[in-house]
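S.K.: Below is the file run-v9.cif, with mmCIF, C-alpha atoms and all ligand atoms.
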data_my_file
loop_
_atom_site.label_atom_id
_atom_site.label_comp_id
_atom_site.auth_asym_id
_atom_site.auth_seq_id
_atom_site.Cartn_x
_atom_site.Cartn_y
_atom_site.Cartn_z
CA MET A 1 -124.00 -41.64 -17.65
CA PRO A 2 -123.60 -37.90 -18.08
CA GLU A 3 -125.54 -36.48 -21.03
CA LEU A 4 -122.50 -35.39 -22.94
CA LYS A 5 -120.41 -38.39 -23.83
CA PRO A 6 -117.08 -37.94 -22.07
CA THR A 7 -113.91 -38.55 -23.99
CA SER A 8 -111.83 -38.92 -20.88
CA LEU A 9 -112.15 -42.09 -18.78
CA LEU A 10 -110.39 -40.61 -15.76
CA GLY A 11 -113.11 -39.20 -13.53
CA LEU A 12 -115.69 -41.91 -14.26
CA ASP A 13 -116.73 -44.03 -11.29
CA LEU A 14 -117.49 -47.74 -11.36
CA GLN A 15 -121.17 -47.15 -12.05
CA GLU A 16 -120.45 -44.87 -15.01
CA LEU A 17 -117.88 -47.30 -16.37
CA THR A 18 -120.43 -50.11 -16.04
CA ALA A 19 -122.89 -48.14 -18.18
CA LEU A 20 -120.12 -47.54 -20.69
CA VAL A 21 -119.10 -51.19 -21.05
CA GLU A 22 -122.71 -52.37 -21.20
CA ASN A 23 -123.45 -49.86 -23.96
CA ALA A 24 -120.55 -51.36 -25.83
CA GLY A 25 -122.09 -54.84 -25.44
CA GLN A 26 -119.35 -56.00 -23.07
CA PRO A 27 -119.89 -58.02 -19.88
CA GLY A 28 -120.24 -55.94 -16.72
CA TYR A 29 -117.03 -57.20 -15.12
CA ARG A 30 -115.01 -55.29 -17.71
CA ALA A 31 -115.96 -52.12 -15.82
CA ARG A 32 -113.95 -53.27 -12.80
CA GLN A 33 -111.00 -54.07 -15.07
CA LEU A 34 -111.16 -50.62 -16.60
CA PHE A 35 -111.50 -49.02 -13.15
CA GLU A 36 -108.40 -50.80 -11.89
CA ALA A 37 -106.40 -50.07 -15.00
CA ILE A 38 -107.17 -46.36 -14.90
CA TYR A 39 -106.85 -45.62 -11.19
CA ALA A 40 -104.62 -48.30 -9.66
CA GLN A 41 -102.36 -49.24 -12.60
CA ARG A 42 -102.31 -45.70 -14.07
CA ALA A 43 -102.69 -46.88 -17.66
CA ASP A 44 -102.03 -44.05 -20.09
CA SER A 45 -104.18 -45.26 -22.97
CA PRO A 46 -107.03 -47.77 -23.51
CA GLU A 47 -104.74 -49.46 -26.02
CA HIS A 48 -102.40 -50.48 -23.18
CA ILE A 49 -105.01 -52.07 -20.92
CA SER A 50 -103.97 -55.66 -21.42
CA THR A 51 -106.78 -57.15 -19.31
CA LEU A 52 -109.28 -56.06 -21.98
CA PRO A 53 -109.83 -57.88 -25.28
CA GLN A 54 -108.16 -56.26 -28.28
CA GLU A 55 -111.41 -55.54 -30.07
CA PHE A 56 -112.87 -53.68 -27.06
CA ARG A 57 -109.70 -51.60 -26.67
CA ARG A 58 -109.90 -50.69 -30.34
CA SER A 59 -113.57 -49.78 -30.13
CA LEU A 60 -112.89 -47.52 -27.11
CA GLN A 61 -110.28 -45.69 -29.10
CA GLU A 62 -112.47 -45.45 -32.16
CA GLN A 63 -115.17 -43.86 -30.04
CA GLY A 64 -112.67 -41.24 -28.97
CA PHE A 65 -112.04 -42.41 -25.42
CA SER A 66 -108.70 -41.71 -23.85
CA VAL A 67 -107.58 -42.09 -20.24
CA GLY A 68 -107.17 -38.34 -20.08
CA LEU A 69 -104.08 -38.14 -17.88
CA PRO A 70 -102.97 -34.53 -17.59
CA SER A 71 -99.46 -33.68 -18.70
CA ILE A 72 -96.49 -32.30 -16.83
CA GLU A 73 -95.70 -28.99 -18.43
CA LYS A 74 -92.88 -28.00 -16.08
CA LYS A 75 -91.18 -29.25 -12.95
CA PHE A 76 -89.34 -27.14 -10.38
CA GLN A 77 -87.05 -28.80 -7.84
CA SER A 78 -86.45 -27.17 -4.43
CA ILE A 79 -83.30 -27.56 -2.35
CA ASP A 80 -85.50 -29.11 0.38
CA GLY A 81 -86.71 -31.95 -1.87
CA THR A 82 -90.06 -30.37 -2.71
CA VAL A 83 -91.10 -30.51 -6.36
CA ARG A 84 -93.60 -28.07 -7.84
CA TYR A 85 -95.38 -29.41 -10.92
CA LEU A 86 -97.12 -27.27 -13.46
CA ILE A 87 -99.77 -29.63 -14.78
CA SER A 88 -101.88 -28.93 -17.84
CA PHE A 89 -105.17 -30.25 -19.10
CA ALA A 90 -106.78 -30.86 -22.48
CA ASP A 91 -108.03 -27.26 -22.86
CA GLY A 92 -104.58 -25.80 -22.15
CA GLN A 93 -105.44 -24.61 -18.61
CA SER A 94 -102.95 -25.50 -15.92
CA VAL A 95 -102.64 -25.79 -12.15
CA GLU A 96 -99.89 -26.56 -9.69
CA THR A 97 -99.40 -29.72 -7.70
CA VAL A 98 -96.69 -30.04 -5.07
CA TRP A 99 -94.74 -33.15 -4.04
CA MET A 100 -93.28 -32.97 -0.52
CA PRO A 101 -91.11 -35.87 0.58
CA GLU A 102 -90.47 -36.17 4.33
CA GLY A 103 -87.11 -37.42 5.35
CA ASP A 104 -86.27 -35.43 8.43
CA ASN A 105 -87.76 -34.67 11.80
CA GLY A 106 -89.89 -31.83 10.62
CA GLU A 107 -93.59 -31.64 10.41
CA ALA A 108 -95.38 -33.42 7.60
CA GLY A 109 -97.33 -31.49 4.99
CA ASP A 110 -100.60 -32.62 6.55
CA GLY A 111 -99.65 -31.11 9.86
CA SER A 112 -98.85 -34.36 11.63
CA GLU A 113 -95.39 -34.89 13.03
CA ALA A 114 -92.85 -36.79 10.97
CA GLY A 115 -91.14 -39.60 12.83
CA ASP A 116 -87.44 -39.93 13.54
CA GLU A 117 -85.93 -41.34 10.40
CA SER A 118 -82.31 -40.97 11.41
CA GLY A 119 -80.35 -43.98 10.27
CA SER A 120 -82.88 -44.79 7.58
CA ALA A 121 -81.31 -45.50 4.21
CA ARG A 122 -84.34 -44.27 2.39
CA ARG A 123 -84.49 -40.92 0.69
CA TRP A 124 -87.90 -40.29 2.17
CA ASP A 125 -90.18 -42.06 4.58
CA ARG A 126 -93.49 -40.57 3.58
CA ALA A 127 -94.61 -37.95 1.16
CA THR A 128 -97.46 -35.49 0.89
CA ILE A 129 -99.02 -34.36 -2.37
CA CYS A 130 -100.72 -30.97 -2.32
CA ILE A 131 -103.41 -30.82 -5.00
CA SER A 132 -105.43 -28.06 -6.62
CA SER A 133 -109.20 -27.99 -6.97
CA GLN A 134 -109.72 -25.00 -9.26
CA VAL A 135 -107.77 -23.06 -11.87
CA GLY A 136 -107.11 -19.91 -9.84
CA CYS A 137 -109.32 -18.95 -6.91
CA ALA A 138 -112.32 -16.70 -6.30
CA VAL A 139 -111.93 -16.19 -2.56
CA ASP A 140 -109.62 -13.15 -2.63
CA CYS A 141 -107.62 -13.63 0.58
CA GLN A 142 -105.33 -10.60 0.77
CA PHE A 143 -102.14 -12.54 1.61
CA CYS A 144 -102.43 -15.29 -1.02
CA LEU A 145 -100.89 -15.15 -4.49
CA THR A 146 -103.42 -17.54 -6.01
CA ALA A 147 -106.09 -14.91 -5.38
CA LEU A 148 -104.37 -12.60 -7.85
CA LEU A 149 -105.28 -14.99 -10.67
CA GLY A 150 -109.02 -14.84 -10.04
CA VAL A 151 -110.89 -18.05 -10.81
CA LYS A 152 -110.73 -19.43 -14.34
CA ARG A 153 -112.73 -22.62 -13.89
CA ASN A 154 -113.43 -25.62 -11.68
CA LEU A 155 -111.43 -28.78 -12.14
CA SER A 156 -113.35 -31.94 -12.98
CA ALA A 157 -113.08 -34.95 -10.67
CA GLY A 158 -110.85 -36.58 -13.30
CA GLU A 159 -108.54 -33.57 -13.35
CA ILE A 160 -108.24 -33.62 -9.55
CA VAL A 161 -107.47 -37.36 -9.49
CA GLY A 162 -105.23 -36.98 -12.55
CA GLN A 163 -102.87 -34.66 -10.62
CA VAL A 164 -102.32 -37.44 -8.10
CA THR A 165 -101.82 -40.30 -10.55
CA THR A 166 -99.52 -38.18 -12.70
CA VAL A 167 -97.30 -37.21 -9.77
CA LEU A 168 -97.27 -40.75 -8.32
CA LYS A 169 -96.28 -42.04 -11.72
CA ASP A 170 -93.55 -39.46 -12.17
CA GLN A 171 -92.14 -40.26 -8.72
CA GLY A 172 -92.41 -44.02 -9.27
CA VAL A 173 -94.46 -44.40 -6.11
CA TRP A 174 -97.22 -46.88 -5.22
CA PRO A 175 -99.77 -46.17 -2.47
CA GLY A 176 -100.09 -49.29 -0.40
CA ARG A 177 -96.35 -49.79 -0.55
CA ASP A 178 -95.40 -46.16 0.11
CA ARG A 179 -96.95 -43.82 2.67
CA ILE A 180 -98.71 -41.08 0.76
CA ASN A 181 -100.71 -38.24 2.30
CA LEU A 182 -102.91 -35.94 0.27
CA VAL A 183 -103.81 -32.39 1.12
CA PHE A 184 -106.43 -30.43 -0.82
CA MET A 185 -104.53 -27.21 -0.15
CA GLY A 186 -103.30 -26.17 -3.58
CA MET A 187 -104.90 -23.63 -5.88
CA GLY A 188 -108.58 -22.97 -5.42
CA GLU A 189 -111.25 -23.40 -2.79
CA PRO A 190 -112.30 -27.07 -2.76
CA PHE A 191 -115.68 -26.25 -1.18
CA LEU A 192 -116.59 -24.00 -4.11
CA ASN A 193 -116.16 -27.07 -6.32
CA TYR A 194 -117.71 -29.46 -3.85
CA ALA A 195 -119.29 -32.14 -6.07
CA ASN A 196 -116.12 -32.70 -8.11
CA PHE A 197 -113.93 -32.56 -5.02
CA ILE A 198 -115.93 -35.22 -3.17
CA LYS A 199 -116.19 -37.44 -6.24
CA ALA A 200 -112.41 -37.20 -6.58
CA VAL A 201 -112.03 -38.22 -2.93
CA ARG A 202 -114.07 -41.38 -3.55
CA LEU A 203 -112.07 -42.26 -6.67
CA LEU A 204 -108.82 -41.69 -4.81
CA VAL A 205 -109.92 -43.97 -1.97
CA GLU A 206 -111.57 -46.73 -4.01
CA GLY A 207 -109.50 -46.55 -7.16
CA VAL A 208 -106.06 -45.14 -6.40
CA GLY A 209 -105.95 -46.79 -2.99
CA ILE A 210 -105.18 -43.89 -0.66
CA SER A 211 -107.01 -44.05 2.64
CA GLU A 212 -109.32 -41.18 3.58
CA SER A 213 -107.51 -40.99 6.92
CA ARG A 214 -104.44 -39.80 4.99
CA MET A 215 -106.29 -36.91 3.36
CA THR A 216 -106.97 -33.40 4.61
CA VAL A 217 -109.10 -30.76 2.92
CA SER A 218 -108.66 -27.11 3.78
CA THR A 219 -111.36 -24.47 3.41
CA ALA A 220 -111.37 -20.71 3.72
CA GLY A 221 -114.70 -21.14 5.50
CA ILE A 222 -117.57 -22.03 3.13
CA VAL A 223 -119.87 -22.80 6.05
CA PRO A 224 -122.69 -24.75 4.33
CA ARG A 225 -120.17 -27.15 2.82
CA ILE A 226 -118.59 -27.76 6.23
CA HIS A 227 -121.97 -29.14 7.26
CA ASP A 228 -122.16 -31.21 4.07
CA LEU A 229 -118.70 -32.68 4.59
CA GLY A 230 -119.70 -33.83 8.05
CA GLN A 231 -122.45 -35.96 6.49
CA GLU A 232 -120.21 -37.72 3.98
CA PRO A 233 -119.64 -41.44 4.55
CA VAL A 234 -116.16 -41.12 3.02
CA ARG A 235 -114.33 -37.89 3.74
CA PRO A 236 -110.92 -36.37 4.42
CA LYS A 237 -110.03 -34.68 7.68
CA LEU A 238 -111.00 -31.01 7.86
CA ALA A 239 -108.75 -27.99 8.18
CA ILE A 240 -110.12 -24.46 8.43
CA SER A 241 -108.11 -21.39 7.43
CA LEU A 242 -108.79 -19.08 10.37
CA ASN A 243 -106.07 -16.46 9.84
CA ALA A 244 -107.64 -13.79 12.04
CA SER A 245 -108.89 -13.62 15.60
CA ASN A 246 -111.85 -11.26 15.25
CA ASP A 247 -114.41 -10.29 12.59
CA GLU A 248 -113.07 -6.81 11.95
CA LEU A 249 -109.65 -8.23 11.09
CA ARG A 250 -110.95 -11.26 9.22
CA ASN A 251 -113.32 -9.16 7.07
CA ARG A 252 -110.28 -7.23 5.95
CA LEU A 253 -107.95 -10.20 5.34
CA MET A 254 -110.52 -12.68 4.04
CA PRO A 255 -113.56 -10.93 2.50
CA ILE A 256 -115.40 -14.28 2.58
CA ASN A 257 -115.85 -13.52 6.29
CA CYS A 258 -118.44 -10.87 5.36
CA LYS A 259 -120.62 -13.72 4.14
CA TRP A 260 -119.86 -16.30 6.83
CA ASN A 261 -118.47 -14.66 9.94
CA LEU A 262 -116.46 -16.14 12.78
CA GLU A 263 -119.49 -17.04 14.85
CA MET A 264 -120.99 -19.02 11.94
CA LEU A 265 -117.63 -20.60 11.18
CA VAL A 266 -116.87 -21.63 14.74
CA SER A 267 -120.35 -23.00 15.29
CA ALA A 268 -120.03 -25.12 12.12
CA ALA A 269 -116.74 -26.39 13.53
CA ARG A 270 -118.45 -27.15 16.83
CA GLU A 271 -121.15 -29.19 15.11
CA PHE A 272 -118.73 -31.07 12.86
CA PRO A 273 -118.93 -34.78 13.75
CA LEU A 274 -115.39 -35.89 14.51
CA ARG A 275 -114.38 -39.53 14.34
CA ASN A 276 -112.49 -41.40 17.00
CA ARG A 277 -109.26 -39.60 17.84
CA GLU A 278 -109.82 -37.11 15.03
CA ARG A 279 -109.09 -33.43 15.50
CA LEU A 280 -109.98 -30.39 13.47
CA THR A 281 -107.10 -28.28 12.26
CA PHE A 282 -107.12 -24.51 12.29
CA GLU A 283 -104.53 -22.83 10.10
CA TYR A 284 -103.34 -19.36 11.00
CA VAL A 285 -101.09 -17.35 8.68
CA LEU A 286 -99.06 -14.91 10.77
CA LEU A 287 -98.72 -11.44 9.23
CA ASN A 288 -96.23 -9.19 10.94
CA GLU A 289 -97.95 -6.69 13.26
CA VAL A 290 -101.31 -7.34 11.61
CA ASN A 291 -102.73 -10.48 13.25
CA ASP A 292 -99.80 -11.77 15.31
CA SER A 293 -100.00 -9.87 18.61
CA MET A 294 -100.43 -11.44 22.04
CA ALA A 295 -103.95 -10.01 22.10
CA ASN A 296 -104.71 -11.82 18.83
CA ALA A 297 -103.36 -15.05 20.30
CA ARG A 298 -105.61 -14.69 23.33
CA GLU A 299 -108.62 -14.12 21.04
CA VAL A 300 -107.76 -17.34 19.17
CA VAL A 301 -107.70 -19.19 22.49
CA GLU A 302 -111.22 -17.92 23.22
CA LEU A 303 -112.48 -18.81 19.73
CA VAL A 304 -111.37 -22.43 19.85
CA ARG A 305 -112.22 -23.06 23.50
CA GLY A 306 -113.91 -26.44 23.93
CA LEU A 307 -113.15 -27.60 20.38
CA ARG A 308 -111.07 -30.71 19.72
CA VAL A 309 -108.51 -28.87 17.57
CA LYS A 310 -104.93 -28.33 16.81
CA VAL A 311 -103.56 -25.14 15.37
CA ASN A 312 -100.97 -24.87 12.60
CA LEU A 313 -99.18 -21.55 12.50
CA ILE A 314 -97.72 -20.49 9.16
CA ALA A 315 -95.43 -17.47 9.06
CA LEU A 316 -96.32 -15.57 5.89
CA ASN A 317 -94.66 -16.82 2.74
CA PRO A 318 -93.98 -13.55 0.99
CA GLY A 319 -94.70 -12.80 -2.64
CA PRO A 320 -94.75 -9.92 -5.09
CA ASP A 321 -97.77 -7.64 -4.60
CA ILE A 322 -98.52 -9.10 -1.17
CA PRO A 323 -98.76 -6.08 1.17
CA PHE A 324 -97.61 -7.90 4.33
CA THR A 325 -94.33 -8.98 5.86
CA THR A 326 -93.21 -12.12 7.66
CA PRO A 327 -92.91 -11.88 11.44
CA GLN A 328 -89.60 -12.59 13.17
CA GLU A 329 -89.29 -16.04 14.66
CA ALA A 330 -89.51 -14.66 18.20
CA ARG A 331 -92.99 -13.29 17.50
CA VAL A 332 -94.09 -16.61 16.02
CA LEU A 333 -92.80 -18.48 19.08
CA ALA A 334 -94.47 -16.03 21.46
CA PHE A 335 -97.79 -16.49 19.65
CA GLN A 336 -97.42 -20.25 19.82
CA GLN A 337 -96.61 -20.03 23.52
CA VAL A 338 -99.92 -18.34 24.37
CA LEU A 339 -101.86 -21.14 22.66
CA VAL A 340 -99.77 -23.93 24.12
CA ALA A 341 -100.13 -22.44 27.62
CA ALA A 342 -103.91 -22.61 27.12
CA GLY A 343 -103.62 -26.31 26.33
CA ILE A 344 -104.03 -26.07 22.56
CA PRO A 345 -101.67 -28.28 20.54
CA THR A 346 -100.00 -25.72 18.29
CA PHE A 347 -97.41 -26.37 15.61
CA ILE A 348 -95.31 -24.11 13.45
CA ARG A 349 -95.45 -25.19 9.84
CA ARG A 350 -92.07 -25.34 8.24
CA PRO A 351 -92.29 -23.73 4.79
CA ARG A 352 -91.68 -26.17 1.95
CA GLY A 353 -90.22 -25.16 -1.38
CA ARG A 354 -90.21 -21.41 -0.77
CA ASP A 355 -87.24 -21.09 -3.16
CA ILE A 356 -89.34 -22.40 -6.05
CA PHE A 357 -92.61 -20.64 -5.10
CA ALA A 358 -94.20 -23.89 -3.96
CA ALA A 359 -95.09 -22.95 -0.36
CA CYS A 360 -98.56 -22.14 1.04
CA GLY A 361 -100.06 -19.15 -0.68
CA GLN A 362 -97.39 -19.01 -3.40
CA LEU A 363 -99.10 -21.03 -6.12
CA LYS A 364 -99.73 -18.80 -9.07
CA ARG A 365 -98.13 -20.70 -11.91
CA THR A 366 -94.83 -18.85 -11.67
CA VAL A 367 -92.84 -20.17 -14.61
CA ALA A 368 -89.34 -18.81 -14.01
N1 LIG B 401 -108.72 -22.30 -0.29
C1 LIG B 401 -108.39 -23.26 0.74
C2 LIG B 401 -107.28 -24.17 0.31
C3 LIG B 401 -105.92 -23.49 0.15
S1 LIG B 401 -104.98 -23.93 1.53
C4 LIG B 401 -108.10 -22.54 2.04
O1 LIG B 401 -108.05 -21.30 2.03
O2 LIG B 401 -107.99 -23.17 3.08
C5 LIG B 401 -103.83 -22.73 1.55
C6 LIG B 401 -103.37 -22.43 2.97
O3 LIG B 401 -102.28 -21.56 2.85
C7 LIG B 401 -104.45 -21.71 3.76
O4 LIG B 401 -104.48 -22.14 5.09
C8 LIG B 401 -104.00 -20.27 3.68
O5 LIG B 401 -104.44 -19.54 4.80
C9 LIG B 401 -102.50 -20.41 3.63
N2 LIG B 401 -101.85 -19.29 2.95
C10 LIG B 401 -102.35 -18.53 1.96
N3 LIG B 401 -101.46 -17.60 1.60
C11 LIG B 401 -100.37 -17.76 2.37
C12 LIG B 401 -99.11 -17.10 2.45
N4 LIG B 401 -98.80 -16.09 1.65
N5 LIG B 401 -98.22 -17.55 3.36
C13 LIG B 401 -98.53 -18.59 4.17
N6 LIG B 401 -99.69 -19.26 4.12
C14 LIG B 401 -100.61 -18.84 3.23
#
So that I can check it, write out the structure of this file as structure tokens.
M.R.:
Amino acid sequence: MPELKPTSLLGLDLQELTALVENAGQPGYRARQLFEAIYAQRADSPEHISTLPQEFRRSLQEQGFSVGLPSIEKKFQSIDGTVRYLISFADGQSVETVWMPEGDNGEAGDGSEAGDESGSARRWDRATICISSQVGCAVDCQFCLTALLGVKRNLSAGEIVGQVTTVLKDQGVWPGRDRINLVFMGMGEPFLNYANFIKAVRLLVEGVGISESRMTVSTAGIVPRIHDLGQEPVRPKLAISLNASNDELRNRLMPINCKWNLEMLVSAAREFPLRNRERLTFEYVLLNEVNDSMANAREVVELVRGLRVKVNLIALNPGPDIPFTTPQEARVLAFQQVLVAAGIPTFIRRPRGRDIFAACGQLKRTVA
């Protein structure tokens, strides 16, 4: 048990719940019941957990325990089906979580290809939830709106998991029955909140029931944590935000590169133990006439040579105070062509929810 008694059950693992029920003089198996009620059934209050005896439910409440589900402060609906949620926590801080249903032939939010759903009666065939790991972000990438917020604080494991259960609940969706992908690509740098991020992953797999093979975490390049992730028995797939093809450019666009440069980043990628049929993803935001030339594309080819990777190209999603412009489609296609010709699977990410400021790099809690 943590030293400070938590008031929120969400975020506790089976071991911590076992300590809690035993302290309360209850049999150990009640921990499993609590675990299932919180993570799989999405109970909103101990009072409503009908598998537990009345007197135990009451004593949990008397001790100040709540489930601790975050609340939906606002919801923005895009014309493309994307929903941006502004989700707030007990201390009043908030983050954004994005729901992206897939019902066409486009590319899924996790970078895989959506199937052909023509003729399907269903509104969507799979969905991706993009979750945040921190309130704001400390990394200071020059093209990203979240950077403008600075970092306010880390999210707890319970707050990370809570985004998922809250959105699943709001959408009336059940993992197991519905195909749900998760991407840790919202606000924040997950690898600067590593312990809570990885604990959340375990709770999402064991409790909420989403397979690790349906999860992808994206990092700006916190090299030591790339090594750590490779050692985890349960882990998402890895995506790395490359965004530049040489150190001079990357230092300028992503100051984190001054700490861990391209050579360190690429060698961490090289050492990363991939599972059967798994690939690394490199993301590359294209900034008009800054990092999107043919010469840049050829440098990317050299950087990733010999790696089992695919590359996702993202044409800049513009925003106020972002000093870059979006390249024309022809430039994006030409860049892609250089990589494809070198044998690198390269996809162009379709922006999701740009009209509601929900797309990559646009999450800054815009409320209008
Ligand atoms: N901090 C992590 C997780 C955020 S993922 C990371 O950097 O990987 C966000 C993705 O969106 C990153 O690949 C980032 O490069 C990309 N991105 C950031 N700003 C963007 C913008 N304005 N337009 C398009 N993509 C952007």
S.K.: Quick one: which chain A residues come within 9 Å of ligand LIG 401 (chain B), and what is the nearest atom pair for each with the distance in Å to one decimal, counting all atoms listed in the file, rows ordered by chain and ascending number, as JSON lines?
M.R.:
{"residue": "A:Ser132", "atom": "CA", "partner": "B:LIG401", "partner_atom": "C2", "distance": 8.2}
{"residue": "A:Ser133", "atom": "CA", "partner": "B:LIG401", "partner_atom": "C2", "distance": 8.4}
{"residue": "A:Cys137", "atom": "CA", "partner": "B:LIG401", "partner_atom": "N1", "distance": 7.4}
{"residue": "A:Ala138", "atom": "CA", "partner": "B:LIG401", "partner_atom": "N1", "distance": 9.0}
{"residue": "A:Val139", "atom": "CA", "partner": "B:LIG401", "partner_atom": "N1", "distance": 7.3}
{"residue": "A:Cys141", "atom": "CA", "partner": "B:LIG401", "partner_atom": "C10", "distance": 7.3}
{"residue": "A:Gln142", "atom": "CA", "partner": "B:LIG401", "partner_atom": "N3", "distance": 8.0}
{"residue": "A:Phe143", "atom": "CA", "partner": "B:LIG401", "partner_atom": "N4", "distance": 4.9}
{"residue": "A:Cys144", "atom": "CA", "partner": "B:LIG401", "partner_atom": "N3", "distance": 3.6}
{"residue": "A:Leu145", "atom": "CA", "partner": "B:LIG401", "partner_atom": "N4", "distance": 6.6}
{"residue": "A:Thr146", "atom": "CA", "partner": "B:LIG401", "partner_atom": "N3", "distance": 7.9}
{"residue": "A:Ala147", "atom": "CA", "partner": "B:LIG401", "partner_atom": "N3", "distance": 8.8}
{"residue": "A:Val183", "atom": "CA", "partner": "B:LIG401", "partner_atom": "S1", "distance": 8.6}
{"residue": "A:Phe184", "atom": "CA", "partner": "B:LIG401", "partner_atom": "C2", "distance": 6.4}
{"residue": "A:Met185", "atom": "CA", "partner": "B:LIG401", "partner_atom": "S1", "distance": 3.7}
{"residue": "A:Gly186", "atom": "CA", "partner": "B:LIG401", "partner_atom": "C3", "distance": 5.3}
{"residue": "A:Met187", "atom": "CA", "partner": "B:LIG401", "partner_atom": "C3", "distance": 6.1}
{"residue": "A:Gly188", "atom": "CA", "partner": "B:LIG401", "partner_atom": "N1", "distance": 5.2}
{"residue": "A:Glu189", "atom": "CA", "partner": "B:LIG401", "partner_atom": "N1", "distance": 3.7}
{"residue": "A:Pro190", "atom": "CA", "partner": "B:LIG401", "partner_atom": "N1", "distance": 6.5}
{"residue": "A:Phe191", "atom": "CA", "partner": "B:LIG401", "partner_atom": "N1", "distance": 8.1}
{"residue": "A:Leu192", "atom": "CA", "partner": "B:LIG401", "partner_atom": "N1", "distance": 8.9}
{"residue": "A:Val217", "atom": "CA", "partner": "B:LIG401", "partner_atom": "C2", "distance": 7.3}
{"residue": "A:Ser218", "atom": "CA", "partner": "B:LIG401", "partner_atom": "O2", "distance": 4.1}
{"residue": "A:Thr219", "atom": "CA", "partner": "B:LIG401", "partner_atom": "O2", "distance": 3.6}
{"residue": "A:Ala220", "atom": "CA", "partner": "B:LIG401", "partner_atom": "O1", "distance": 3.8}
{"residue": "A:Gly221", "atom": "CA", "partner": "B:LIG401", "partner_atom": "O2", "distance": 7.4}
{"residue": "A:Ala239", "atom": "CA", "partner": "B:LIG401", "partner_atom": "O2", "distance": 7.1}
{"residue": "A:Ile240", "atom": "CA", "partner": "B:LIG401", "partner_atom": "O2", "distance": 5.9}
{"residue": "A:Ser241", "atom": "CA", "partner": "B:LIG401", "partner_atom": "O4", "distance": 4.4}
{"residue": "A:Leu242", "atom": "CA", "partner": "B:LIG401", "partner_atom": "O5", "distance": 7.1}
{"residue": "A:Asn243", "atom": "CA", "partner": "B:LIG401", "partner_atom": "O5", "distance": 6.1}
{"residue": "A:Phe282", "atom": "CA", "partner": "B:LIG401", "partner_atom": "O4", "distance": 8.0}
{"residue": "A:Glu283", "atom": "CA", "partner": "B:LIG401", "partner_atom": "O4", "distance": 5.1}
{"residue": "A:Tyr284", "atom": "CA", "partner": "B:LIG401", "partner_atom": "O5", "distance": 6.3}
{"residue": "A:Val285", "atom": "CA", "partner": "B:LIG401", "partner_atom": "N6", "distance": 5.1}
{"residue": "A:Leu286", "atom": "CA", "partner": "B:LIG401", "partner_atom": "C13", "distance": 7.6}
{"residue": "A:Leu287", "atom": "CA", "partner": "B:LIG401", "partner_atom": "N5", "distance": 8.5}
{"residue": "A:Asn312", "atom": "CA", "partner": "B:LIG401", "partner_atom": "O4", "distance": 8.7}
{"residue": "A:Leu313", "atom": "CA", "partner": "B:LIG401", "partner_atom": "N6", "distance": 8.7}
{"residue": "A:Ile314", "atom": "CA", "partner": "B:LIG401", "partner_atom": "C13", "distance": 5.4}
{"residue": "A:Ala315", "atom": "CA", "partner": "B:LIG401", "partner_atom": "C13", "distance": 5.9}
{"residue": "A:Leu316", "atom": "CA", "partner": "B:LIG401", "partner_atom": "N5", "distance": 3.7}
{"residue": "A:Asn317", "atom": "CA", "partner": "B:LIG401", "partner_atom": "N5", "distance": 3.7}
{"residue": "A:Pro318", "atom": "CA", "partner": "B:LIG401", "partner_atom": "N4", "distance": 5.5}
{"residue": "A:Gly319", "atom": "CA", "partner": "B:LIG401", "partner_atom": "N4", "distance": 6.8}
{"residue": "A:Ile322", "atom": "CA", "partner": "B:LIG401", "partner_atom": "N4", "distance": 7.5}
{"residue": "A:Phe324", "atom": "CA", "partner": "B:LIG401", "partner_atom": "N4", "distance": 8.7}
{"residue": "A:Thr326", "atom": "CA", "partner": "B:LIG401", "partner_atom": "N5", "distance": 8.5}
{"residue": "A:Pro351", "atom": "CA", "partner": "B:LIG401", "partner_atom": "C13", "distance": 8.1}
{"residue": "A:Ala359", "atom": "CA", "partner": "B:LIG401", "partner_atom": "C13", "distance": 7.2}
{"residue": "A:Cys360", "atom": "CA", "partner": "B:LIG401", "partner_atom": "O3", "distance": 4.2}
{"residue": "A:Gly361", "atom": "CA", "partner": "B:LIG401", "partner_atom": "N3", "distance": 3.1}
{"residue": "A:Gln362", "atom": "CA", "partner": "B:LIG401", "partner_atom": "N4", "distance": 6.0}
{"residue": "A:Leu363", "atom": "CA", "partner": "B:LIG401", "partner_atom": "N3", "distance": 8.8}
S.K.: Got a sec: who's within 12 Å of Val266 of chain A, counting all atoms listed in the file, leaving out chain neighbours fewer than 2 positions off, as number ranges by chain?
M.R.: A: 221-223, 226-227, 240-242, 245-247, 257, 260-264, 268-272, 280, 282, 300, 302-309
S.K.: Suppose you want the space between atom CA of Leu333 of chain A and atom CA of Phe347 of chain A; what is it in Å?
M.R.: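 One can read the atom CA of Leu333 of chain A to atom CA of Phe347 of chain A distance as 9.8 Å.
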S.K.: For atom CA of Leu20 of chain A and atom CA of Gly207 of chain A, quote the distance in Å rounded to one decimal.
M.R.: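 Separation of atom CA of Leu20 of chain A and atom CA of Gly207 of chain A: 17.2 Å.
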S.K.: For Met100 of chain A, which residue out of A:Val167, A:Ser71, A:Arg202, A:Ile160 is the nearest one, using only C-alpha atoms?
M.R.: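 For Met100 of chain A, the nearest of the given residues is A:Val167.
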S.K.: May I ask for the distance between atom CA of Gly353 of chain A and atom CA of Thr82 of chain A, given in Å to one decimal place?
M.R.: 5.4 Å
S.K.: Contacts of Ala358 of chain A at 8 Å or less, counting all atoms listed in the file, minus same-chain residues fewer than 6 places along, as a VMD selection string?
M.R.: chain A and resid 82 to 84 98 352
